[in-house]
Amino acid sequence: MTNRLHAIYHVTAAPEDIAARAMAIAVEQSVEMPVSAIDDPVLLSEIVGTVEDIQDMGGWRFQVTIGLAADTTGYEPGQLLNMLFGNSSIQDDVVLADVILPPGFAERFGGPRHGLHGLRRCVDAGKRALTCSALKPQGLPPSALARLAGDMAEGGIDFIKDDHGLADQPYSRFSERVPACADSVANMAARTGSITRYLPSLSGNLDQLRRQADIAKRSGLEAVLIAPMIVGLASFHTLVREFPSLAFMAHPAMAGASRIAPWCLLGTLFRLFGADATVFPNHGGRFGYSPAECRRLAEKALGVFDGLKPCVPVPAGGMSLERVPEMLDFYGPDVMVLIGGSLLAARDGLVAETARFVEAVKRHPYR
């Protein structure tokens, strides 16, 4: 059967139990009932999950590949994730490690509207790596955040995103903060001649998200930040389709709440649903991702994927200016380097520290 996707799981089990465990996952992720109770030959041949492969990874860990009918996903983000890992995510011996989609499947979702090349064009970056920082901490009023944004823009940074904790709070209403920061960045860009893009953080239910995306557009912005696992994958995908002029940077908040390999969720699935850039914790920072995990995630975001545009990997999480050369050597130029708190720690020296960051990226001699 060609119209079948393949979910790849890492399963912990005794060798003598793995065949039965794999079949149990196949049933759980498809019909979720005893197969013996099904007498419809079409369901048995088309809908019931199939165990396609079992590979021993050593140490009672196995890689299990399950075939699932593509039509069971309804070609909708939430249902796709449900079919891949809905019930099995509750079972602590299983990790969703990867997914292989059938030909034409990705076209149903569309992927990034802008991607790596579109984001480079909107800041006139040529083929170099991109730079990014974050407005924080939350609790500041719009005027203070706008001043910080203006200072970063004066330093020549490419992208300034809201911290993902910024929402529509009483001390910083979205409708006030976004125009203020957008104007500050635009005014500074007009003075310096460099291009900086501000990305406000969208939050709330779908109606609120739509209103916020509309405010961003009316404020002259070209990109926004969103946390797909917070707002919901279907809402995220809907916004990407409804606001094609906006680029979407995906934030990984709550992405670690389920046992899905980061390269699968943040690299493959977020890209499938429309992320133009995907933020993730770089190795050696505040989080526990390994160099191998980070490299694989970046490869999934950028690699050939059924004609989808490449999604920009955005390593972050406690990065500093001193680590910029190492990061660029590791990821190459097809990356957006995000330094947040380390720049803000410069306080009155924020403009100069931002300029140092930008210069380090622009002048890096790639190996």
# chains A, B, ... in the order shown; residues from 1 in each chain; ligands from 1

call {"tool": "residues_around", "arguments": {"residues": "region 203-213 of chain A", "least_positions_apart": "3", "cutoff": "6 Å", "atoms": "only C-alpha atoms", "output": "ChimeraX atom specification"}}
result
/A:167,216,235

call {"tool": "residues_around", "arguments": {"residues": "Ala69 (chain A)", "least_positions_apart": "4", "cutoff": "10 Å", "atoms": "only C-alpha atoms", "output": "PyMOL selection string"}}
result
chain A and resi 1-6+30+45-50+73+83+102

call {"tool": "atom_distance", "arguments": {"atom1": "CA of Val51 (chain A)", "atom2": "CA of Leu80 (chain A)"}}
result
18.5 Å

call {"tool": "residues_around", "arguments": {"residues": "region 58-61 of chain A", "least_positions_apart": "5", "cutoff": "9 Å", "atoms": "only C-alpha atoms", "output": "PyMOL selection string"}}
result
chain A and resi 10-15

call {"tool": "write_last_selection", "arguments": {"atoms": "N, CA and C atoms", "output": "PDB file, in the first residue's frame"}}
result
ATOM      1  N   HIS A  10      11.150   4.505  19.118  1.00  0.00           N
ATOM      2  CA  HIS A  10      12.170   3.842  19.907  1.00  0.00           C
ATOM      3  C   HIS A  10      11.465   3.253  21.125  1.00  0.00           C
ATOM      4  N   VAL A  11      11.572   1.954  21.264  1.00  0.00           N
ATOM      5  CA  VAL A  11      10.786   1.222  22.261  1.00  0.00           C
ATOM      6  C   VAL A  11      11.728   0.472  23.197  1.00  0.00           C
ATOM      7  N   THR A  12      11.452   0.568  24.487  1.00  0.00           N
ATOM      8  CA  THR A  12      12.198  -0.194  25.479  1.00  0.00           C
ATOM      9  C   THR A  12      11.416  -1.464  25.806  1.00  0.00           C
ATOM     10  N   ALA A  13      12.040  -2.619  25.587  1.00  0.00           N
ATOM     11  CA  ALA A  13      11.345  -3.891  25.838  1.00  0.00           C
ATOM     12  C   ALA A  13      12.370  -5.015  25.894  1.00  0.00           C
ATOM     13  N   ALA A  14      11.963  -6.124  26.518  1.00  0.00           N
ATOM     14  CA  ALA A  14      12.798  -7.318  26.494  1.00  0.00           C
ATOM     15  C   ALA A  14      12.777  -7.893  25.079  1.00  0.00           C
ATOM     16  N   PRO A  15      13.888  -8.483  24.631  1.00  0.00           N
ATOM     17  CA  PRO A  15      13.928  -9.017  23.268  1.00  0.00           C
ATOM     18  C   PRO A  15      12.799  -9.989  22.954  1.00  0.00           C
TER      19      PRO A  15
END

call {"tool": "closest_residue", "arguments": {"among": "A:Leu221, A:Val178, A:Leu199, A:Ile157", "to": "Leu145 (chain A)", "atoms": "only C-alpha atoms"}}
result
A:Val178

call {"tool": "residues_around", "arguments": {"residues": "region 355-358 of chain A", "least_positions_apart": "2", "cutoff": "12 Å", "atoms": "only C-alpha atoms", "output": "PyMOL selection string"}}
result
chain A and resi 125+128-133+151-159+194+196+319-325+336-340+342-343+346+349-353+360-364
